[in-house]
$ cat input-v3.txt   # compact mmCIF, C-alpha atoms
# COMPACT_ATOMS: atom_id res chain seq x y z
CA MET A 20 0.00 0.00 0.00
CA ASN A 21 1.63 3.22 -1.13
CA PRO A 22 1.80 6.42 0.93
CA ILE A 23 -0.75 8.34 -1.17
CA THR A 24 -3.43 5.70 -0.61
CA MET A 25 -2.30 5.43 3.00
CA ARG A 26 -2.81 9.11 3.74
CA LEU A 27 -6.03 9.54 1.75
CA ALA A 28 -7.86 6.37 2.65
CA ALA A 29 -6.14 4.47 5.44
CA ASP A 30 -4.88 7.05 7.93
CA LYS A 31 -8.34 7.86 9.26
CA TYR A 32 -8.93 4.22 10.17
CA ILE A 33 -5.49 3.80 11.71
CA ARG A 34 -6.06 6.91 13.84
CA LEU A 35 -9.42 5.53 14.99
CA ALA A 36 -7.75 2.26 15.96
CA LEU A 37 -5.09 4.12 17.94
CA GLU A 38 -7.72 6.30 19.64
CA GLU A 39 -9.71 3.19 20.52
CA ASP A 40 -6.65 1.74 22.28
CA ILE A 41 -5.42 5.02 23.83
CA ASN A 42 -8.50 7.14 24.50
CA SER A 43 -6.75 9.30 27.10
CA GLU A 44 -3.34 7.86 27.94
CA ASP A 45 -1.37 4.62 28.13
CA VAL A 46 -1.36 4.31 31.91
CA THR A 47 1.02 1.33 32.06
CA THR A 48 3.62 2.83 29.74
CA ASN A 49 3.52 6.23 31.40
CA ALA A 50 4.03 4.55 34.76
CA VAL A 51 7.16 2.62 33.79
CA MET A 52 8.56 5.15 31.29
CA PRO A 53 7.61 8.70 32.34
CA ASP A 54 10.31 10.40 30.23
CA TYR A 55 11.84 10.00 26.78
CA LYS A 56 14.33 7.19 26.29
CA LYS A 57 15.46 5.77 22.98
CA GLY A 58 14.98 2.06 22.51
CA GLU A 59 14.51 -0.67 19.95
CA VAL A 60 12.45 -3.81 19.56
CA TYR A 61 12.39 -6.69 17.07
CA LEU A 62 9.53 -7.83 14.84
CA ILE A 63 9.58 -11.63 14.69
CA ALA A 64 7.47 -14.14 12.73
CA LYS A 65 6.28 -16.96 14.97
CA GLU A 66 4.96 -19.15 12.16
CA ASP A 67 5.37 -19.60 8.41
CA GLY A 68 3.16 -17.57 6.10
CA ILE A 69 2.78 -14.73 3.61
CA ILE A 70 3.49 -11.29 5.06
CA ALA A 71 1.10 -8.41 4.31
CA GLY A 72 0.64 -4.99 5.89
CA LEU A 73 4.20 -3.91 6.55
CA PRO A 74 3.57 -0.31 5.39
CA VAL A 75 0.49 -0.17 7.65
CA PHE A 76 2.51 -1.55 10.56
CA GLU A 77 5.10 1.18 10.00
CA ARG A 78 2.46 3.88 9.59
CA VAL A 79 1.05 3.18 13.05
CA PHE A 80 4.36 4.15 14.65
CA HIS A 81 4.85 7.16 12.35
CA LEU A 82 1.44 8.56 13.34
CA LEU A 83 2.54 8.38 16.97
CA ASP A 84 6.00 9.81 16.21
CA GLU A 85 7.27 10.49 12.70
CA ASN A 86 10.85 10.04 13.90
CA THR A 87 10.33 6.36 14.66
CA MET A 88 12.57 4.27 12.42
CA VAL A 89 11.38 0.93 11.07
CA ALA A 90 14.19 -0.96 9.35
CA PHE A 91 12.95 -4.03 7.50
CA LEU A 92 15.44 -6.86 7.23
CA ALA A 93 16.50 -9.26 4.53
CA ALA A 94 16.03 -12.96 5.18
CA ASP A 95 19.82 -13.21 5.03
CA GLY A 96 21.69 -9.96 5.30
CA PRO A 97 21.99 -6.58 7.02
CA GLU A 98 19.21 -4.24 8.07
CA GLN A 99 17.47 -2.46 5.22
CA SER A 100 14.45 -0.22 5.03
CA ILE A 101 11.47 -1.34 2.97
CA TYR A 102 11.66 2.03 1.22
CA SER A 103 15.39 2.20 0.51
CA ASN A 104 18.24 -0.27 0.29
CA ASN A 105 20.53 2.51 1.50
CA ALA A 106 18.65 3.37 4.68
CA GLN A 107 20.96 4.55 7.44
CA GLN A 108 20.54 4.84 11.17
CA GLY A 109 18.86 8.14 12.01
CA THR A 110 16.82 8.47 8.81
CA SER A 111 13.41 9.70 9.86
CA GLY A 112 10.15 8.01 8.99
CA ARG A 113 9.04 11.14 7.15
CA GLU A 114 12.10 11.11 4.89
CA ARG A 115 11.70 7.44 4.04
CA THR A 116 7.99 7.80 3.33
CA ALA A 117 8.59 10.80 1.08
CA ASN A 118 11.06 8.76 -0.94
CA HIS A 119 8.77 5.81 -1.44
CA PRO A 120 8.80 5.00 -5.19
CA MET A 121 5.13 4.16 -5.68
CA GLN A 122 2.31 6.49 -6.59
CA ASP A 123 -1.30 5.99 -7.61
CA ASP A 124 -4.55 7.49 -8.71
CA PHE A 125 -7.12 7.02 -5.97
CA GLU A 126 -10.88 7.39 -6.13
CA SER A 127 -13.21 7.02 -3.16
CA GLU A 128 -15.35 4.51 -5.04
CA GLY A 129 -12.30 2.47 -5.94
CA THR A 130 -13.29 2.32 -9.62
CA ALA A 131 -10.10 3.80 -11.01
CA ASN A 132 -7.47 2.75 -8.50
CA ARG A 133 -4.03 2.19 -9.98
CA LEU A 134 -0.79 1.31 -8.32
CA VAL A 135 2.45 1.94 -10.14
CA GLN A 136 5.82 1.13 -8.70
CA ASN A 137 8.82 2.73 -10.41
CA ASP A 138 11.53 1.44 -8.11
CA ALA A 139 14.27 0.17 -10.40
CA GLU A 140 15.26 -2.39 -7.80
CA ALA A 141 11.76 -3.90 -7.61
CA LYS A 142 11.86 -5.54 -11.03
CA ASP A 143 9.60 -8.41 -10.01
CA THR A 144 6.62 -6.14 -9.32
CA SER A 145 3.30 -6.80 -11.05
CA ASN A 146 0.81 -3.94 -11.27
CA TYR A 147 -2.91 -4.53 -10.91
CA PRO A 148 -5.10 -1.74 -12.34
CA ILE A 149 -8.61 -1.91 -10.99
CA GLN A 150 -11.38 -2.67 -13.48
CA ASP A 151 -15.03 -1.81 -13.13
CA GLY A 152 -17.17 -4.86 -12.57
CA THR A 153 -16.45 -8.27 -11.14
CA GLU A 154 -12.70 -8.44 -11.42
CA SER A 155 -11.26 -5.46 -9.55
CA LYS A 156 -7.56 -6.22 -9.28
CA SER A 157 -6.76 -3.37 -6.96
CA THR A 158 -4.30 -2.05 -4.40
CA VAL A 159 -1.51 -4.57 -4.50
CA ASN A 160 2.18 -4.32 -5.24
CA ARG A 161 2.67 -7.92 -6.32
CA PRO A 162 1.29 -11.39 -5.57
CA ALA A 163 2.86 -13.77 -3.10
CA LYS A 164 6.06 -15.25 -4.45
CA ASP A 165 6.79 -18.93 -4.74
CA ASP A 166 9.66 -20.57 -2.86
CA THR A 167 12.11 -20.31 -5.77
CA GLU A 168 11.55 -16.59 -6.16
CA SER A 169 11.74 -16.06 -2.41
CA LYS A 170 15.14 -17.73 -2.31
CA SER A 171 16.41 -15.65 -5.23
CA ASN A 172 15.42 -12.48 -3.34
CA ALA A 173 16.84 -13.58 0.01
CA ASN A 174 19.09 -10.52 0.23
CA HIS A 175 16.26 -8.03 -0.36
CA PRO A 176 14.43 -6.46 2.59
CA VAL A 177 11.21 -8.23 3.46
CA GLN A 178 8.15 -6.71 1.82
CA ASP A 179 4.49 -7.52 1.34
CA GLY A 180 3.97 -10.77 -0.56
CA ASP A 181 7.12 -12.46 0.74
CA ALA A 182 6.98 -15.89 2.34
CA VAL A 183 8.33 -15.65 5.88
CA LYS A 184 9.52 -18.42 8.18
CA LYS A 185 8.95 -19.14 11.84
CA GLY A 186 11.62 -17.37 13.89
CA GLN A 187 12.55 -14.93 11.11
CA VAL A 188 13.40 -11.42 12.33
CA LEU A 189 11.47 -9.12 10.01
CA ALA A 190 12.37 -5.66 11.29
CA VAL A 191 14.03 -3.55 13.95
CA ILE A 192 11.94 -0.64 15.25
CA THR A 193 13.86 2.21 16.90
CA GLY A 194 12.51 5.28 18.66
CA ASP A 195 10.89 6.64 21.79
CA VAL A 196 10.27 3.66 24.06
CA ARG A 197 6.85 5.06 24.94
CA VAL A 198 5.86 5.01 21.25
CA LEU A 199 7.14 1.45 20.82
CA LEU A 200 5.07 0.28 23.78
CA SER A 201 1.90 2.24 23.04
CA GLY A 202 1.79 1.41 19.32
CA GLU A 203 2.65 -2.27 19.65
CA ARG A 204 -0.81 -3.79 19.86
CA THR A 205 -2.43 -1.69 17.13
CA ALA A 206 0.47 -2.23 14.73
CA LEU A 207 0.47 -5.98 15.33
CA ASN A 208 -3.31 -6.23 15.01
CA TYR A 209 -3.09 -4.89 11.46
CA LEU A 210 -0.06 -6.95 10.51
CA GLN A 211 -1.33 -10.23 11.97
CA ARG A 212 -4.78 -9.84 10.44
CA MET A 213 -3.57 -8.83 7.00
CA SER A 214 -0.86 -11.50 6.91
CA GLY A 215 -3.39 -14.14 7.94
CA ILE A 216 -5.66 -13.18 5.04
CA ALA A 217 -2.75 -13.14 2.58
CA THR A 218 -1.59 -16.55 3.81
CA TYR A 219 -5.01 -18.18 3.52
CA THR A 220 -5.68 -16.54 0.14
CA HIS A 221 -2.34 -17.82 -1.14
CA GLN A 222 -3.26 -21.37 -0.09
CA VAL A 223 -6.58 -21.22 -1.95
CA ALA A 224 -5.07 -19.47 -5.00
CA GLU A 225 -2.52 -22.27 -5.28
CA LEU A 226 -5.40 -24.73 -5.75
CA LEU A 227 -6.52 -22.72 -8.80
CA LYS A 228 -3.05 -22.51 -10.32
CA GLY A 229 -2.99 -23.56 -13.97
CA SER A 230 -6.70 -22.93 -14.54
CA LYS A 231 -8.41 -19.91 -16.10
CA THR A 232 -10.60 -19.48 -13.00
CA LYS A 233 -9.76 -16.46 -10.84
CA LEU A 234 -10.27 -16.16 -7.10
CA LEU A 235 -12.33 -13.21 -5.81
CA ASP A 236 -13.09 -11.84 -2.38
CA THR A 237 -16.46 -10.36 -1.31
CA ARG A 238 -17.78 -7.46 0.78
CA LYS A 239 -17.86 -9.74 3.84
CA THR A 240 -15.15 -7.76 5.55
CA THR A 241 -14.64 -6.46 9.08
CA PRO A 242 -16.19 -2.98 9.48
CA CYS A 243 -13.60 -0.23 8.92
CA MET A 244 -11.06 -2.85 7.78
CA ARG A 245 -12.10 -3.31 4.14
CA ILE A 246 -9.26 -1.34 2.56
CA PHE A 247 -6.73 -3.39 4.53
CA GLU A 248 -8.40 -6.78 4.09
CA LYS A 249 -8.99 -6.44 0.34
CA TYR A 250 -5.39 -5.29 -0.08
CA ALA A 251 -4.26 -8.42 1.78
CA VAL A 252 -6.31 -10.65 -0.55
CA CYS A 253 -4.41 -9.23 -3.53
CA VAL A 254 -1.07 -9.66 -1.77
CA GLY A 255 -1.95 -13.34 -1.32
CA GLY A 256 -2.66 -13.81 -5.02
CA GLY A 257 -6.42 -13.26 -5.12
CA HIS A 258 -8.43 -10.51 -6.81
CA ASN A 259 -10.94 -7.98 -5.56
CA HIS A 260 -14.64 -8.13 -6.34
CA ARG A 261 -16.36 -4.72 -6.16
CA TYR A 262 -14.96 -2.57 -3.37
CA ASN A 263 -18.31 -1.21 -2.19
CA LEU A 264 -21.91 -0.59 -3.22
CA SER A 265 -20.89 2.35 -5.42
CA ASN A 266 -18.42 0.22 -7.35
CA GLY A 267 -20.72 -2.00 -9.37
CA VAL A 268 -24.21 -3.42 -9.85
CA LEU A 269 -24.91 -6.79 -8.22
CA LEU A 270 -28.57 -7.80 -8.30
CA LYS A 271 -29.19 -10.28 -5.49
CA ASP A 272 -32.37 -12.13 -4.57
CA ASN A 273 -33.90 -9.27 -2.59
CA HIS A 274 -33.17 -6.74 -5.35
CA ILE A 275 -34.83 -9.07 -7.85
CA ASP A 276 -37.86 -9.52 -5.59
CA ALA A 277 -38.13 -5.75 -5.10
CA ALA A 278 -37.98 -5.11 -8.86
CA GLY A 279 -40.51 -7.81 -9.72
CA GLY A 280 -38.21 -10.24 -11.50
CA VAL A 281 -34.83 -10.80 -13.12
CA LYS A 282 -35.65 -9.04 -16.40
CA GLU A 283 -37.16 -6.04 -14.61
CA ALA A 284 -34.19 -5.70 -12.25
CA ILE A 285 -31.67 -5.80 -15.10
CA GLN A 286 -33.58 -3.23 -17.13
CA ALA A 287 -33.84 -0.91 -14.11
CA ALA A 288 -30.09 -1.20 -13.58
CA LYS A 289 -29.39 -0.43 -17.23
CA ASP A 290 -31.64 2.63 -17.09
CA TYR A 291 -30.05 4.00 -13.91
CA ALA A 292 -26.40 2.98 -13.67
CA PRO A 293 -23.65 4.61 -15.77
CA PHE A 294 -22.91 2.62 -18.92
CA VAL A 295 -19.41 1.75 -17.71
CA ARG A 296 -20.87 -0.30 -14.84
CA LYS A 297 -21.15 -4.00 -15.46
CA ILE A 298 -24.34 -5.68 -14.28
CA GLU A 299 -24.10 -8.92 -12.34
CA VAL A 300 -27.11 -11.05 -11.42
CA GLU A 301 -27.34 -13.71 -8.73
CA THR A 302 -29.20 -16.77 -10.00
CA GLU A 303 -30.45 -19.83 -8.12
CA ASN A 304 -31.79 -22.01 -10.95
CA LEU A 305 -31.56 -22.51 -14.70
CA ALA A 306 -34.70 -20.48 -15.44
CA MET A 307 -33.11 -17.43 -13.77
CA VAL A 308 -29.87 -18.03 -15.69
CA LYS A 309 -31.71 -18.07 -19.02
CA GLU A 310 -33.68 -14.93 -18.16
CA ALA A 311 -30.56 -13.08 -17.02
CA VAL A 312 -28.65 -13.96 -20.19
CA GLU A 313 -31.51 -12.94 -22.46
CA ALA A 314 -31.93 -9.64 -20.56
CA GLY A 315 -28.28 -8.76 -21.18
CA ALA A 316 -26.55 -9.35 -17.85
CA ASP A 317 -22.77 -9.04 -18.06
CA ILE A 318 -22.00 -11.53 -15.28
CA ILE A 319 -24.06 -14.46 -14.00
CA MET A 320 -23.50 -15.59 -10.44
CA LEU A 321 -24.30 -19.27 -9.98
CA ASP A 322 -25.42 -19.51 -6.37
CA ASN A 323 -25.56 -22.81 -4.50
CA MET A 324 -25.71 -24.95 -7.64
CA THR A 325 -24.52 -28.51 -8.02
CA PRO A 326 -21.75 -29.17 -10.57
CA GLU A 327 -24.33 -30.73 -12.90
CA VAL A 328 -26.58 -27.67 -12.79
CA MET A 329 -23.60 -25.32 -13.20
CA ALA A 330 -22.53 -27.23 -16.32
CA GLU A 331 -25.97 -26.72 -17.86
CA ALA A 332 -25.94 -23.03 -16.83
CA LEU A 333 -22.63 -22.56 -18.63
CA ARG A 334 -24.11 -24.12 -21.75
CA ILE A 335 -27.08 -21.73 -21.60
CA ARG A 336 -24.97 -18.60 -21.21
CA ASP A 337 -22.70 -19.67 -24.11
CA VAL A 338 -20.20 -16.78 -24.37
CA ARG A 339 -22.70 -13.99 -23.80
CA ALA A 340 -21.85 -13.46 -20.14
CA GLU A 341 -19.08 -14.21 -17.70
CA THR A 342 -19.78 -16.57 -14.82
CA GLU A 343 -19.02 -16.50 -11.12
CA CYS A 344 -19.75 -19.21 -8.60
CA ASP A 345 -19.94 -18.71 -4.86
CA VAL A 346 -18.40 -21.84 -3.37
CA ASN A 347 -15.91 -22.96 -0.75
CA VAL A 348 -12.83 -24.17 -2.64
CA THR A 349 -11.28 -27.36 -1.28
CA LYS A 350 -8.72 -29.88 -2.53
CA GLU A 351 -11.62 -32.30 -2.99
CA ASN A 352 -13.82 -30.10 -5.22
CA ILE A 353 -11.29 -27.90 -7.00
CA GLU A 354 -10.82 -30.15 -10.06
CA THR A 355 -14.57 -30.39 -10.62
CA ILE A 356 -15.08 -26.64 -10.37
CA THR A 357 -12.19 -25.62 -12.63
CA SER A 358 -13.05 -28.27 -15.23
CA LEU A 359 -16.46 -26.62 -15.69
CA GLY A 360 -14.77 -23.46 -16.96
CA VAL A 361 -16.31 -20.85 -14.65
CA ASP A 362 -14.55 -17.49 -14.92
CA TYR A 363 -14.52 -16.57 -11.23
CA ILE A 364 -14.87 -18.16 -7.83
CA SER A 365 -15.84 -15.80 -5.00
CA SER A 366 -15.14 -16.68 -1.40
CA GLY A 367 -16.23 -14.67 1.63
CA ALA A 368 -14.06 -16.93 3.77
CA LEU A 369 -10.92 -15.17 2.53
CA THR A 370 -11.74 -12.20 4.73
CA HIS A 371 -14.24 -13.43 7.31
CA SER A 372 -12.62 -16.73 8.31
CA SER A 373 -8.86 -16.40 7.82
CA PRO A 374 -6.88 -17.03 11.01
CA ILE A 375 -4.24 -14.48 11.98
CA LEU A 376 -0.55 -15.07 11.30
CA ASP A 377 1.31 -15.13 14.62
CA ILE A 378 3.84 -12.26 14.70
CA SER A 379 5.35 -10.59 17.77
CA LEU A 380 7.40 -7.63 18.91
CA LYS A 381 10.08 -8.96 21.26
CA HIS A 382 13.24 -8.04 23.17
CA LEU A 383 12.59 -4.35 23.70
CA HIS A 384 15.61 -2.66 25.28
CA VAL A 385 16.74 0.87 26.03
CA LEU A 386 19.71 2.08 23.98

$ encode --input "input-v3.txt" --output "C-alpha cells"
Amino acid sequence: MNPITMRLAADKYIRLALEEDINSEDVTTNAVMPDYKKGEVYLIAKEDGIIAGLPVFERVFHLLDENTMVAFLAADGPEQSIYSNNAQQGTSGRERTANHPMQDDFESEGTANRLVQNDAEAKDTSNYPIQDGTESKSTVNRPAKDDTESKSNANHPVQDGDAVKKGQVLAVITGDVRVLLSGERTALNYLQRMSGIATYTHQVAELLKGSKTKLLDTRKTTPCMRIFEKYAVCVGGGHNHRYNLSNGVLLKDNHIDAAGGVKEAIQAAKDYAPFVRKIEVETENLAMVKEAVEAGADIIMLDNMTPEVMAEALRIRDVRAETECDVNVTKENIETITSLGVDYISSGALTHSSPILDISLKHLHVL
C-alpha cells in the first residue's frame, strides 16, 4: 500500500484504531517510562506464512512519532528499510515515506485505482489496475512469491507478498520507548490480520493454479477494515470483487424480488447505472440463468448450484456473459469446479474466516 493511498484512505482508520486503544493515555507505559528514552524492539514471525501490511505496521508508529525508524530486514543480510536499500541509522520516517517509489490514482469509489511502482530495484513487481465490474484487481504491489523466487530475493528487505519463516526477524523498530510500547498492539493487530488473510488466500489461489478461474473476495469484511483486508487478498494472489456498493451493480435475490423479476431488475439497472458499470445477477436455478442472459446481464453468479446444474448453466450462457460461482474451494472439489470453466470463484471466507498469522514484537531494550 503506497503512501498516497495510506494518507487519503487508510490514515483515518489507523487513527481511529489508535484512539480506541489510547483514548486518554497509556497508563502502564507512562508509569514505567515517564520520560523519553530511545529504545529498539524486534519484529519476529512466529509461524510460516505470507506477510502483508508492513507499510500499515510502519504507519502506526509514524502517526505516533514520525521520527520512529522501522528498518525491515533481509532474510539473510543486514538491516534495510522497505523504502530504501541505502537506509541509514537516524533516517526519519518522514524522509523514508517521502522517498517511497510508488504512486497511484485514488478514487473514493475504488473504480479507477491504480498502483504503479517505479523502483528500479523492484523488477519483479506486477501492477494490478482496478477494473469496473467483477474483477477489480486493486491495491496490490505484487502477488505472493513462490519458494524459488523467495530464495532468489533472500538478500532483499522483506516486503508484502514475501513468504516468511517461523523465527525470522522481520524488522528492527527504533525510537521513543513510549511510542514502541503504546503502538505495539495496534500495529500488530493490522499486521497479523492482513498477513493471515494473505496466507489463507495464497493457499486457496494455489489450488486454482494452472486454470483460467480467478479467485475473488467479497464485501464480507470487518467494518472499517475493508481497505486493509482487500489489499491483503491481492497480496496473497487473489483478486478484488467490487470494493463497495458504489463500485458496481450486483442484483441479489432481494433486489430481484423488489424489482418484480430478473428481467425487470436488469432493465432498471441499465436505465439507472452509468454505462461503464457492469451488471451482475445472482441466480439460483436454470430459469433465472436463461432470463438473465436474455436480458443482457454481463455476469451471471451461480449460487448454491450442483456441478451438474452449473454445467448446464454454462451451456445456456454460451459466451454472452461471464460466470461466477460462490463456493468454498477445497482440494476435494477444485478439479470439478475448474473443469467446468467458470470465470470466477468468489469466497467470503478469505476475509471473514482467515486465522491471523502469529507475529510478535520482542526483546525491547533501552539504547

$ closest_residue --input "input-v3.txt" --among "A:Lys56, A:His384, A:Lys233, A:Lys271" --to "Asp322 in chain A" --atoms "all atoms listed in the file"
A:Lys271

$ atom_distance --input "input-v3.txt" --atom1 "CA of Gln178 in chain A" --atom2 "CA of Ile375 in chain A"
17.8 Å

$ closest_residue --input "input-v3.txt" --among "A:Lys297, A:Arg26, A:Lys65, A:Lys309" --to "Leu189 in chain A" --atoms "only C-alpha atoms"
A:Lys65

$ atom_distance --input "input-v3.txt" --atom1 "CA of Asp54 in chain A" --atom2 "CA of Leu92 in chain A"
29.2 Å

$ closest_residue --input "input-v3.txt" --among "A:Leu226, A:Leu207, A:Thr355, A:Ala93" --to "Ala190 in chain A" --atoms "only C-alpha atoms"
A:Ala93
